[in-house]
Amino acid sequence: MNYADTGTTRRRSHQREVILAELAKLRTHPTADELCQIVRRRLPRVSLATVYRNLEVLAEQGLIARLELSGQQWRFDGRKDPHSHIRCVTCGAVADLDLTPTPTPLPEVQRHTDYAVAGQHTEFAGLCPACRAAHDASLPEALA
Ligand SMILES: [Zn+2]
Ligand SMILES: [Zn+2]
């Protein structure tokens, strides 16, 4: 990599800031693809590969969370306080779930193990309101 090219370096860090700022506004836990569409309103020429690479770096730095959802595309979360998630089994939508007690913060977990703690996986599953409505509408009246 050519560090003398400060123009490129500046552009790269600007891209990362925009990606982080846009993700922080969202509560939808977008995939890299979905976030790329949103980021393009501010950076029309940004590629999906660039968005994906920046999300990886931000996740490694602990600035965002990468949600590990079984059999799905990665989804990303700009919200950093500990919270749980609920995923729709039909459309894959993910919503925050504020429960007490909250999930244990990772630094706290790290104090209790010699494993290098890399993440945690707490996820509930169900039907989102939109899919519930569609599901109810498709039932015969006698069953609804
Ligand atoms: Zn749904
Ligand atoms: Zn979340």
# chains A, B, ... in the order shown; residues from 1 in each chain; ligands from 1
>>> residues_around(residues="Thr50 of chain A", least_positions_apart="6", cutoff="10 Å", atoms="only C-alpha atoms", output="ChimeraX atom specification")
/A:12,15-16,19,32,36,56
>>> residues_near_ligand(ligand="ligand 1", cutoff="6 Å", atoms="only C-alpha atoms and all ligand atoms", output="count of residues only")
8
>>> select_by_dssp(residues="segment 7-128 of chain A", states="helix (DSSP H, G or I)", output="MDAnalysis selection string")
chainID A and resid 7:25 32:39 48:60 106:110
>>> closest_atom_pairs(of="chain A", to="ligand 2", cutoff="12 Å", atoms="only C-alpha atoms and all ligand atoms", output="CSV")
residue,atom,partner,partner_atom_place_in_ligand_line,distance
A:Leu23,CA,ligand 2,1 (Zn),10.9
A:Ala24,CA,ligand 2,1 (Zn),10.3
A:Lys25,CA,ligand 2,1 (Zn),11.6
A:Leu26,CA,ligand 2,1 (Zn),9.4
A:Arg27,CA,ligand 2,1 (Zn),6.7
A:Thr28,CA,ligand 2,1 (Zn),7.8
A:His29,CA,ligand 2,1 (Zn),6.4
A:Pro30,CA,ligand 2,1 (Zn),10.1
A:Ile64,CA,ligand 2,1 (Zn),9.9
A:Ala65,CA,ligand 2,1 (Zn),8.2
A:Arg66,CA,ligand 2,1 (Zn),9.6
A:Leu67,CA,ligand 2,1 (Zn),8.4
A:Glu68,CA,ligand 2,1 (Zn),11.7
A:Arg75,CA,ligand 2,1 (Zn),9.6
A:Phe76,CA,ligand 2,1 (Zn),8.2
A:Asp77,CA,ligand 2,1 (Zn),5.3
A:Gly78,CA,ligand 2,1 (Zn),7.4
A:Arg79,CA,ligand 2,1 (Zn),5.8
A:Lys80,CA,ligand 2,1 (Zn),8.0
A:Asp81,CA,ligand 2,1 (Zn),8.7
A:Pro82,CA,ligand 2,1 (Zn),8.4
A:His83,CA,ligand 2,1 (Zn),6.4
A:Ser84,CA,ligand 2,1 (Zn),6.7
A:His85,CA,ligand 2,1 (Zn),6.0
A:Ile86,CA,ligand 2,1 (Zn),9.0
A:Arg87,CA,ligand 2,1 (Zn),10.6
A:Ala93,CA,ligand 2,1 (Zn),11.3
A:Val94,CA,ligand 2,1 (Zn),7.8
A:Ala95,CA,ligand 2,1 (Zn),6.5
A:Asp96,CA,ligand 2,1 (Zn),4.6
A:Leu97,CA,ligand 2,1 (Zn),7.6
A:Asp98,CA,ligand 2,1 (Zn),9.2
A:Pro103,CA,ligand 2,1 (Zn),11.8
A:His121,CA,ligand 2,1 (Zn),11.8
A:Thr122,CA,ligand 2,1 (Zn),10.8
A:Glu123,CA,ligand 2,1 (Zn),10.3
>>> closest_residue(among="A:Thr6, A:Gly92, A:Leu20, A:Leu106", to="Leu63 of chain A", atoms="only C-alpha atoms")
A:Leu20
>>> residues_around(residues="Arg42 of chain A", least_positions_apart="5", cutoff="12 Å", atoms="only C-alpha atoms", output="count of residues only")
10
>>> select_by_dssp(residues="segment 26-79 of chain A", states="strand (DSSP E or B)", output="ChimeraX atom specification")
/A:31,65-67,75-77
>>> atom_distance(atom1="atom CA of Trp74 of chain A", atom2="atom CA of Thr31 of chain A")
5.8 Å
>>> closest_residue(among="A:Ile38, A:Val89, A:Ala59, A:Leu43", to="Ala118 of chain A", atoms="only C-alpha atoms")
A:Ala59
>>> atom_distance(atom1="atom CA of Leu69 of chain A", atom2="atom CA of Tyr115 of chain A")
21.9 Å
>>> atom_distance(atom1="atom CA of Gly119 of chain A", atom2="atom CA of Val39 of chain A")
26.1 Å
